[in-house]
$ cat model_34.tsv   # TSV, C-alpha atoms
chain	number	residue	atom	x	y	z
A	1	PHE	CA	0.00	0.00	0.00
A	2	PHE	CA	2.82	2.43	0.87
A	3	PHE	CA	5.10	1.27	-1.97
A	4	LEU	CA	3.66	3.36	-4.77
A	5	PRO	CA	3.81	6.72	-3.00
A	6	GLN	CA	7.39	6.13	-1.97
A	7	GLN	CA	8.33	5.19	-5.54
A	8	HIS	CA	6.54	8.27	-6.77
A	9	CYS	CA	8.47	10.40	-4.27
A	10	SER	CA	11.78	8.91	-5.36
A	11	ILE	CA	10.98	9.62	-9.02
A	12	HIS	CA	10.04	13.15	-8.13
A	13	MET	CA	13.27	13.65	-6.24
A	14	HIS	CA	15.28	12.27	-9.18
A	15	MET	CA	13.55	14.68	-11.59
A	16	ARG	CA	14.20	17.58	-9.26
A	17	GLY	CA	17.84	16.66	-8.99
A	18	GLY	CA	18.14	16.47	-12.78
A	19	SER	CA	16.59	19.89	-13.17
A	20	LEU	CA	19.05	21.37	-10.70
A	21	LEU	CA	21.92	19.74	-12.61
A	22	LEU	CA	20.75	21.20	-15.92
A	23	LEU	CA	20.29	24.61	-14.34
A	24	SER	CA	23.82	24.57	-12.91
A	25	VAL	CA	25.30	23.49	-16.28
A	26	GLY	CA	23.45	26.27	-18.13
A	27	THR	CA	24.61	28.87	-15.62
A	28	ALA	CA	28.20	27.74	-16.02
A	29	ALA	CA	27.87	27.87	-19.79
A	30	LEU	CA	26.64	31.45	-19.63
A	31	ARG	CA	29.60	32.45	-17.48
A	32	LEU	CA	32.14	31.03	-19.97
A	33	PRO	CA	33.91	33.59	-22.28
A	34	PRO	CA	32.91	33.53	-25.98
A	35	PRO	CA	35.13	31.56	-28.32
A	36	ALA	CA	37.70	33.36	-30.46
A	37	ALA	CA	35.79	32.67	-33.68
A	38	CYS	CA	32.66	34.41	-32.35
A	39	ALA	CA	34.40	37.36	-30.68
A	40	ARG	CA	33.28	40.81	-31.79
A	41	PRO	CA	35.76	42.76	-33.90
A	42	THR	CA	37.58	45.53	-32.10
A	43	LEU	CA	40.29	48.00	-33.11
A	44	ALA	CA	42.92	45.79	-31.54
A	45	SER	CA	41.70	42.66	-33.35
A	46	PRO	CA	40.42	43.37	-36.92
A	47	VAL	CA	37.96	41.10	-38.61
A	48	ARG	CA	40.44	40.01	-41.24
A	49	ALA	CA	44.16	40.38	-41.62
A	50	ALA	CA	45.70	42.42	-44.41
A	51	ASN	CA	46.29	40.40	-47.52
A	52	PRO	CA	49.94	40.78	-48.64
A	53	ALA	CA	48.97	40.24	-52.27
A	54	LEU	CA	46.57	43.21	-52.10
A	55	SER	CA	48.69	45.48	-49.91
A	56	ALA	CA	51.79	45.25	-52.12
A	57	PRO	CA	50.20	46.94	-55.20
A	58	ARG	CA	48.70	49.58	-52.96
A	59	ALA	CA	52.08	50.36	-51.44
A	60	ALA	CA	53.66	50.54	-54.90
A	61	ALA	CA	50.91	52.89	-56.09
A	62	ALA	CA	51.42	55.07	-53.02
A	63	ARG	CA	55.13	55.26	-53.77
A	64	ARG	CA	54.41	56.20	-57.39
A	65	THR	CA	52.03	58.97	-56.37
A	66	THR	CA	54.24	60.42	-53.66
A	67	THR	CA	57.52	60.37	-55.58
A	68	PRO	CA	56.61	63.09	-58.17
A	69	VAL	CA	55.31	65.32	-55.40
A	70	LEU	CA	58.62	65.09	-53.62
A	71	ALA	CA	60.46	65.76	-56.88
A	72	ALA	CA	58.28	68.77	-57.68
A	73	THR	CA	59.02	70.37	-54.32
A	74	ALA	CA	62.76	70.29	-54.98
A	75	PRO	CA	64.29	73.75	-55.53
A	76	PRO	CA	64.86	74.59	-59.21
A	77	THR	CA	68.40	74.72	-60.51
A	78	PRO	CA	69.84	77.69	-62.45
A	79	LEU	CA	69.65	75.60	-65.63
A	80	THR	CA	65.94	74.84	-65.23
A	81	GLN	CA	65.20	78.46	-64.32
A	82	LEU	CA	66.94	79.69	-67.47
A	83	ALA	CA	65.06	77.17	-69.61
A	84	SER	CA	61.77	78.24	-68.07
A	85	ARG	CA	62.50	81.92	-68.77
A	86	LEU	CA	63.46	81.19	-72.37
A	87	TRP	CA	60.27	79.20	-72.90
A	88	SER	CA	57.83	81.67	-71.36
A	89	TRP	CA	59.33	84.88	-72.74
A	90	GLY	CA	59.93	83.36	-76.15
A	91	TRP	CA	56.28	82.46	-76.57
A	92	LEU	CA	55.09	85.76	-75.10
A	93	ASN	CA	57.24	87.66	-77.56
A	94	TRP	CA	55.99	85.46	-80.41
A	95	TRP	CA	52.37	86.43	-79.81
A	96	VAL	CA	52.81	90.10	-78.91
A	97	GLN	CA	55.46	91.09	-81.46
A	98	GLY	CA	53.93	88.85	-84.10
A	99	ALA	CA	50.46	90.34	-83.66
A	100	LEU	CA	51.74	93.92	-83.82
A	101	SER	CA	53.83	93.14	-86.89
A	102	VAL	CA	50.91	91.48	-88.67
A	103	VAL	CA	48.62	94.44	-87.99
A	104	GLY	CA	51.27	96.87	-89.25
A	105	ALA	CA	51.87	94.85	-92.41
A	106	VAL	CA	48.15	94.60	-93.19
A	107	LEU	CA	47.70	98.37	-92.80
A	108	LEU	CA	50.69	99.12	-95.00
A	109	LEU	CA	49.59	96.75	-97.75
A	110	PHE	CA	46.04	98.10	-97.65
A	111	ALA	CA	47.23	101.70	-97.86
A	112	ASN	CA	49.55	100.94	-100.77
A	113	SER	CA	46.88	99.00	-102.66
A	114	VAL	CA	44.16	101.67	-102.54
A	115	SER	CA	46.31	104.81	-102.76
A	116	SER	CA	46.45	106.91	-105.88
A	117	ALA	CA	49.09	106.37	-108.51
A	118	SER	CA	50.71	109.77	-108.03
A	119	VAL	CA	52.70	109.58	-104.78
A	120	SER	CA	55.36	112.09	-103.86
A	121	ALA	CA	58.95	111.05	-103.31
A	122	PRO	CA	58.94	111.70	-99.51
A	123	ALA	CA	55.72	109.68	-99.11
A	124	LEU	CA	57.14	106.84	-101.20
A	125	ALA	CA	60.35	106.84	-99.16
A	126	GLY	CA	58.39	106.79	-95.91
A	127	ARG	CA	56.30	103.82	-97.04
A	128	ALA	CA	59.37	101.92	-98.21
A	129	LEU	CA	61.09	102.48	-94.87
A	130	ALA	CA	57.96	101.43	-93.01
A	131	LEU	CA	57.82	98.20	-95.02
A	132	ALA	CA	61.51	97.54	-94.35
A	133	ALA	CA	61.00	98.08	-90.62
A	134	CYS	CA	58.01	95.74	-90.66
A	135	ALA	CA	60.06	93.05	-92.42
A	136	THR	CA	62.81	93.47	-89.81
A	137	SER	CA	60.21	93.06	-87.07
A	138	PHE	CA	59.03	89.79	-88.65
A	139	ALA	CA	62.63	88.57	-88.81
A	140	SER	CA	63.10	89.45	-85.14
A	141	THR	CA	59.88	87.65	-84.22
A	142	PHE	CA	60.98	84.41	-85.89
A	143	TRP	CA	64.48	84.69	-84.45
A	144	GLN	CA	63.26	85.20	-80.91
A	145	TRP	CA	60.87	82.28	-81.31
A	146	GLY	CA	64.08	80.26	-81.44
A	147	TYR	CA	64.48	80.89	-77.68
A	148	THR	CA	61.72	78.37	-77.11
A	149	ARG	CA	63.60	75.79	-79.20
A	150	LEU	CA	66.69	76.35	-77.08
A	151	ALA	CA	64.58	75.77	-73.96
A	152	VAL	CA	63.28	72.51	-75.45
A	153	ARG	CA	66.82	71.28	-76.16
A	154	ILE	CA	67.89	72.10	-72.61
A	155	ARG	CA	64.91	70.28	-71.08
A	156	ARG	CA	65.22	67.28	-73.38
A	157	ARG	CA	68.90	66.61	-72.62
A	158	PRO	CA	69.72	68.36	-69.33
A	159	GLU	CA	72.73	66.10	-68.73
A	160	ARG	CA	74.47	67.60	-71.77
A	161	TRP	CA	74.09	71.15	-70.52
A	162	THR	CA	75.48	73.19	-67.70
A	163	ALA	CA	74.28	76.55	-66.49
A	164	ALA	CA	77.35	78.23	-67.99
A	165	SER	CA	77.00	76.65	-71.44
A	166	ALA	CA	73.28	77.34	-71.61
A	167	ALA	CA	73.83	80.96	-70.57
A	168	SER	CA	76.54	81.34	-73.24
A	169	ASN	CA	74.28	79.99	-76.02
A	170	ALA	CA	71.40	82.15	-74.84
A	171	ALA	CA	73.62	85.25	-74.76
A	172	ARG	CA	74.70	84.72	-78.39
A	173	ALA	CA	71.09	84.30	-79.53
A	174	LEU	CA	70.02	87.34	-77.52
A	175	TYR	CA	72.73	89.45	-79.10
A	176	VAL	CA	71.29	88.80	-82.56
A	177	GLY	CA	67.72	89.40	-81.36
A	178	THR	CA	68.70	92.72	-79.77
A	179	ALA	CA	70.47	93.84	-82.95
A	180	LEU	CA	67.44	93.02	-85.10
A	181	ASN	CA	65.08	94.95	-82.86
A	182	LEU	CA	67.37	97.97	-82.74
A	183	VAL	CA	67.68	97.99	-86.53
A	184	GLY	CA	63.91	97.72	-86.87
A	185	ILE	CA	63.32	100.60	-84.48
A	186	GLY	CA	65.91	102.74	-86.27
A	187	ILE	CA	64.41	102.14	-89.71
A	188	ALA	CA	60.89	102.80	-88.40
A	189	ILE	CA	61.97	106.08	-86.82
A	190	VAL	CA	63.57	107.29	-90.04
A	191	GLY	CA	60.43	106.22	-91.93
A	192	ALA	CA	58.27	108.07	-89.41
A	193	GLU	CA	60.28	111.24	-90.05
A	194	ALA	CA	59.60	110.98	-93.77
A	195	ILE	CA	55.91	110.14	-93.31
A	196	VAL	CA	55.21	112.87	-90.77
A	197	GLY	CA	57.18	115.41	-92.79
A	198	ASN	CA	55.10	114.62	-95.85
A	199	LEU	CA	51.88	114.96	-93.81
A	200	ALA	CA	53.05	118.29	-92.41
A	201	ALA	CA	53.76	119.59	-95.90
A	202	LYS	CA	50.29	118.49	-97.05
A	203	ALA	CA	48.64	120.12	-94.05
A	204	LEU	CA	50.39	123.43	-94.72
A	205	THR	CA	49.53	123.50	-98.43
A	206	GLN	CA	46.06	121.97	-98.54
A	207	GLY	CA	44.37	125.30	-97.78
A	208	SER	CA	45.29	126.63	-101.20
A	209	ALA	CA	44.70	123.35	-103.05
A	210	VAL	CA	41.71	123.22	-105.34
A	211	VAL	CA	40.12	119.80	-105.65
A	212	LEU	CA	38.49	119.36	-109.06
A	213	ASP	CA	37.51	115.81	-110.02
A	214	GLY	CA	40.17	114.40	-107.66
A	215	ARG	CA	43.11	115.86	-109.62
A	216	ALA	CA	44.48	117.65	-106.54
A	217	ALA	CA	43.48	114.97	-104.00
A	218	ALA	CA	47.09	113.85	-103.59
A	219	ALA	CA	47.99	117.28	-102.17
A	220	THR	CA	45.58	116.92	-99.22
A	221	VAL	CA	45.85	114.87	-96.03
A	222	GLN	CA	43.93	111.62	-96.49
A	223	ALA	CA	42.85	108.85	-94.16
A	224	LEU	CA	45.32	106.47	-95.80
A	225	ASP	CA	48.18	108.66	-94.64
A	226	VAL	CA	46.99	108.24	-91.06
A	227	LEU	CA	46.84	104.46	-91.57
A	228	ILE	CA	50.48	104.48	-92.66
A	229	VAL	CA	51.42	106.37	-89.52
A	230	GLN	CA	49.50	103.80	-87.43
A	231	ALA	CA	51.22	100.91	-89.20
A	232	ASN	CA	54.65	102.41	-88.60
A	233	THR	CA	53.79	102.99	-84.95
A	234	ASN	CA	52.78	99.35	-84.57
A	235	THR	CA	56.13	98.30	-86.02
A	236	ILE	CA	57.99	100.48	-83.51
A	237	ALA	CA	55.93	98.99	-80.68
A	238	ALA	CA	56.63	95.45	-81.91
A	239	CYS	CA	60.38	95.99	-82.06
A	240	PHE	CA	60.30	97.70	-78.67
A	241	PHE	CA	58.62	94.70	-77.06
A	242	GLY	CA	61.16	92.42	-78.72
A	243	LEU	CA	63.91	94.58	-77.23
A	244	LEU	CA	62.32	94.28	-73.78
A	245	THR	CA	62.22	90.50	-74.19
A	246	SER	CA	65.91	90.36	-75.09
A	247	MET	CA	66.85	92.53	-72.11
A	248	ARG	CA	64.85	90.37	-69.70
A	249	LEU	CA	66.39	87.17	-71.00
A	250	LYS	CA	69.88	88.71	-70.86
A	251	LEU	CA	69.28	89.30	-67.16
A	252	ALA	CA	68.18	85.67	-66.72
A	253	ALA	CA	71.28	84.40	-68.58
A	254	ALA	CA	73.56	86.58	-66.47
A	255	THR	CA	71.92	85.28	-63.29
A	256	ALA	CA	72.41	81.67	-64.39
A	257	GLU	CA	76.05	82.32	-65.25
A	258	ARG	CA	76.73	83.91	-61.86
A	259	ALA	CA	75.05	80.96	-60.14
A	260	ALA	CA	77.25	78.55	-62.10
A	261	GLU	CA	80.41	80.40	-61.10
A	262	ALA	CA	79.42	80.50	-57.41
$ encode --input "model_34.tsv" --output "structure tokens"
Amino acid sequence: FFFLPQQHCSIHMHMRGGSLLLLSVGTAALRLPPPAACARPTLASPVRAANPALSAPRAAAARRTTTPVLAATAPPTPLTQLASRLWSWGWLNWWVQGALSVVGAVLLLFANSVSSASVSAPALAGRALALAACATSFASTFWQWGYTRLAVRIRRRPERWTAASAASNAARALYVGTALNLVGIGIAIVGAEAIVGNLAAKALTQGSAVVLDGRAAAATVQALDVLIVQANTNTIAACFFGLLTSMRLKLAAATAERAAEA
């Protein structure tokens, strides 16, 4: 009669003991640290290690991108400074002196093409001198464009040049350019004397000139005469700018030569 309740009590006690055992095992499992594979990524332990195969090209690319920056920050040498001056001033002179010379030549050719057949000797001499000065200005423009070619040769083969040799070659070229500009200015000034003298004579005598059917039109001051004066003035300005270019580059060559001797 009492056997079944006792057996039931023993089974109940066994089940209670098993529950306590499972509870203690679960509590111990919760207190254990997480395994290394499931640990959260931190700054000290990244999720994945750097791949050497991927980091090597990145390092090479970083070296390629940083090397030109370091080279560009290096101070320029006297040779590179002289080449830079020759390049910049040569092209600036090409555009400024060339544009002024072209405008002067167009004005002179237009005035000569539409002028009357009867031209006085002073006016003809002035136009001829103006054309000669314009041609000299063109020659100076093409010669001073050669400064850019000298800069290209220096930059292309810098190991074959020194600051002294480059300054010597530049000085010889600048001597010719200076001479051409001075000759052009001199011819233009003489031509301006003839042109302005002819205009002054026309202005003094045109009050008594009688214009009948254009037969005395050559004795009066015309708009074409003013165009010739403008063309000659452009030629003087072109040669003057070429002279300024030669003087500036002479200073740069002298600076490079002094730096080479120091």
$ closest_residue --input "model_34.tsv" --among "A:Trp89, A:Trp145, A:Phe138, A:Phe110" --to "Ala238 (chain A)" --atoms "all atoms listed in the file"
A:Phe138
$ residues_around --input "model_34.tsv" --residues "Ser140 (chain A)" --least-positions-apart "6" --cutoff "12 Å" --atoms "all atoms listed in the file" --output "MDAnalysis selection string"
chainID A and resid 90 93:94 97:98 101 133:134 146:147 173:185 235 238:243 245:246
$ atom_distance --input "model_34.tsv" --atom1 "CA of Arg149 (chain A)" --atom2 "CA of Ala130 (chain A)"
29.7 Å
$ atom_distance --input "model_34.tsv" --atom1 "CA of Gln206 (chain A)" --atom2 "CA of Asn234 (chain A)"
27.4 Å
$ closest_residue --input "model_34.tsv" --among "A:Asn232, A:Pro78, A:Thr220, A:Ala203" --to "Ala254 (chain A)" --atoms "only C-alpha atoms"
A:Pro78
$ residues_near_point --input "model_34.tsv" --point "(58.9, 109.1, -91.9)" --cutoff "12 Å" --atoms "only C-alpha atoms" --output "PyMOL selection string"
chain A and resi 121-131+133+186-200+225-226+228-233
$ write_last_selection --input "model_34.tsv" --atoms "C-alpha atoms" --output "PDB file, in the frame of the given file"
ATOM      1  CA  ALA A 121      58.950 111.050-103.310  1.00  0.00           C
ATOM      2  CA  PRO A 122      58.940 111.700 -99.510  1.00  0.00           C
ATOM      3  CA  ALA A 123      55.720 109.680 -99.110  1.00  0.00           C
ATOM      4  CA  LEU A 124      57.140 106.840-101.200  1.00  0.00           C
ATOM      5  CA  ALA A 125      60.350 106.840 -99.160  1.00  0.00           C
ATOM      6  CA  GLY A 126      58.390 106.790 -95.910  1.00  0.00           C
ATOM      7  CA  ARG A 127      56.300 103.820 -97.040  1.00  0.00           C
ATOM      8  CA  ALA A 128      59.370 101.920 -98.210  1.00  0.00           C
ATOM      9  CA  LEU A 129      61.090 102.480 -94.870  1.00  0.00           C
ATOM     10  CA  ALA A 130      57.960 101.430 -93.010  1.00  0.00           C
ATOM     11  CA  LEU A 131      57.820  98.200 -95.020  1.00  0.00           C
ATOM     12  CA  ALA A 133      61.000  98.080 -90.620  1.00  0.00           C
ATOM     13  CA  GLY A 186      65.910 102.740 -86.270  1.00  0.00           C
ATOM     14  CA  ILE A 187      64.410 102.140 -89.710  1.00  0.00           C
ATOM     15  CA  ALA A 188      60.890 102.800 -88.400  1.00  0.00           C
ATOM     16  CA  ILE A 189      61.970 106.080 -86.820  1.00  0.00           C
ATOM     17  CA  VAL A 190      63.570 107.290 -90.040  1.00  0.00           C
ATOM     18  CA  GLY A 191      60.430 106.220 -91.930  1.00  0.00           C
ATOM     19  CA  ALA A 192      58.270 108.070 -89.410  1.00  0.00           C
ATOM     20  CA  GLU A 193      60.280 111.240 -90.050  1.00  0.00           C
ATOM     21  CA  ALA A 194      59.600 110.980 -93.770  1.00  0.00           C
ATOM     22  CA  ILE A 195      55.910 110.140 -93.310  1.00  0.00           C
ATOM     23  CA  VAL A 196      55.210 112.870 -90.770  1.00  0.00           C
ATOM     24  CA  GLY A 197      57.180 115.410 -92.790  1.00  0.00           C
ATOM     25  CA  ASN A 198      55.100 114.620 -95.850  1.00  0.00           C
ATOM     26  CA  LEU A 199      51.880 114.960 -93.810  1.00  0.00           C
ATOM     27  CA  ALA A 200      53.050 118.290 -92.410  1.00  0.00           C
ATOM     28  CA  ASP A 225      48.180 108.660 -94.640  1.00  0.00           C
ATOM     29  CA  VAL A 226      46.990 108.240 -91.060  1.00  0.00           C
ATOM     30  CA  ILE A 228      50.480 104.480 -92.660  1.00  0.00           C
ATOM     31  CA  VAL A 229      51.420 106.370 -89.520  1.00  0.00           C
ATOM     32  CA  GLN A 230      49.500 103.800 -87.430  1.00  0.00           C
ATOM     33  CA  ALA A 231      51.220 100.910 -89.200  1.00  0.00           C
ATOM     34  CA  ASN A 232      54.650 102.410 -88.600  1.00  0.00           C
ATOM     35  CA  THR A 233      53.790 102.990 -84.950  1.00  0.00           C
TER      36      THR A 233
END
$ closest_residue --input "model_34.tsv" --among "A:Val152, A:Ala163, A:Ala99, A:Ala111" --to "Ala253 (chain A)" --atoms "all atoms listed in the file"
A:Ala163
$ closest_residue --input "model_34.tsv" --among "A:Arg156, A:Arg172, A:Lys202, A:Lys250" --to "Thr80 (chain A)" --atoms "all atoms listed in the file"
A:Arg156
$ atom_distance --input "model_34.tsv" --atom1 "CA of Ser137 (chain A)" --atom2 "CA of Ile236 (chain A)"
8.5 Å
$ residues_around --input "model_34.tsv" --residues "region 82-84 of chain A" --least-positions-apart "2" --cutoff "7 Å" --atoms "all atoms listed in the file" --output "list in words"
Pro78, Leu79, Thr80, Leu86, Trp87, Ser88, Ala151, Ile154, Ala252, Ala253 and Ala256 of chain A
$ closest_residue --input "model_34.tsv" --among "A:Leu244, A:Arg160, A:Leu109, A:Ala237" --to "Leu92 (chain A)" --atoms "only C-alpha atoms"
A:Leu244
$ closest_residue --input "model_34.tsv" --among "A:Ala139, A:Arg85, A:Ser118, A:Leu204" --to "Arg248 (chain A)" --atoms "all atoms listed in the file"
A:Arg85
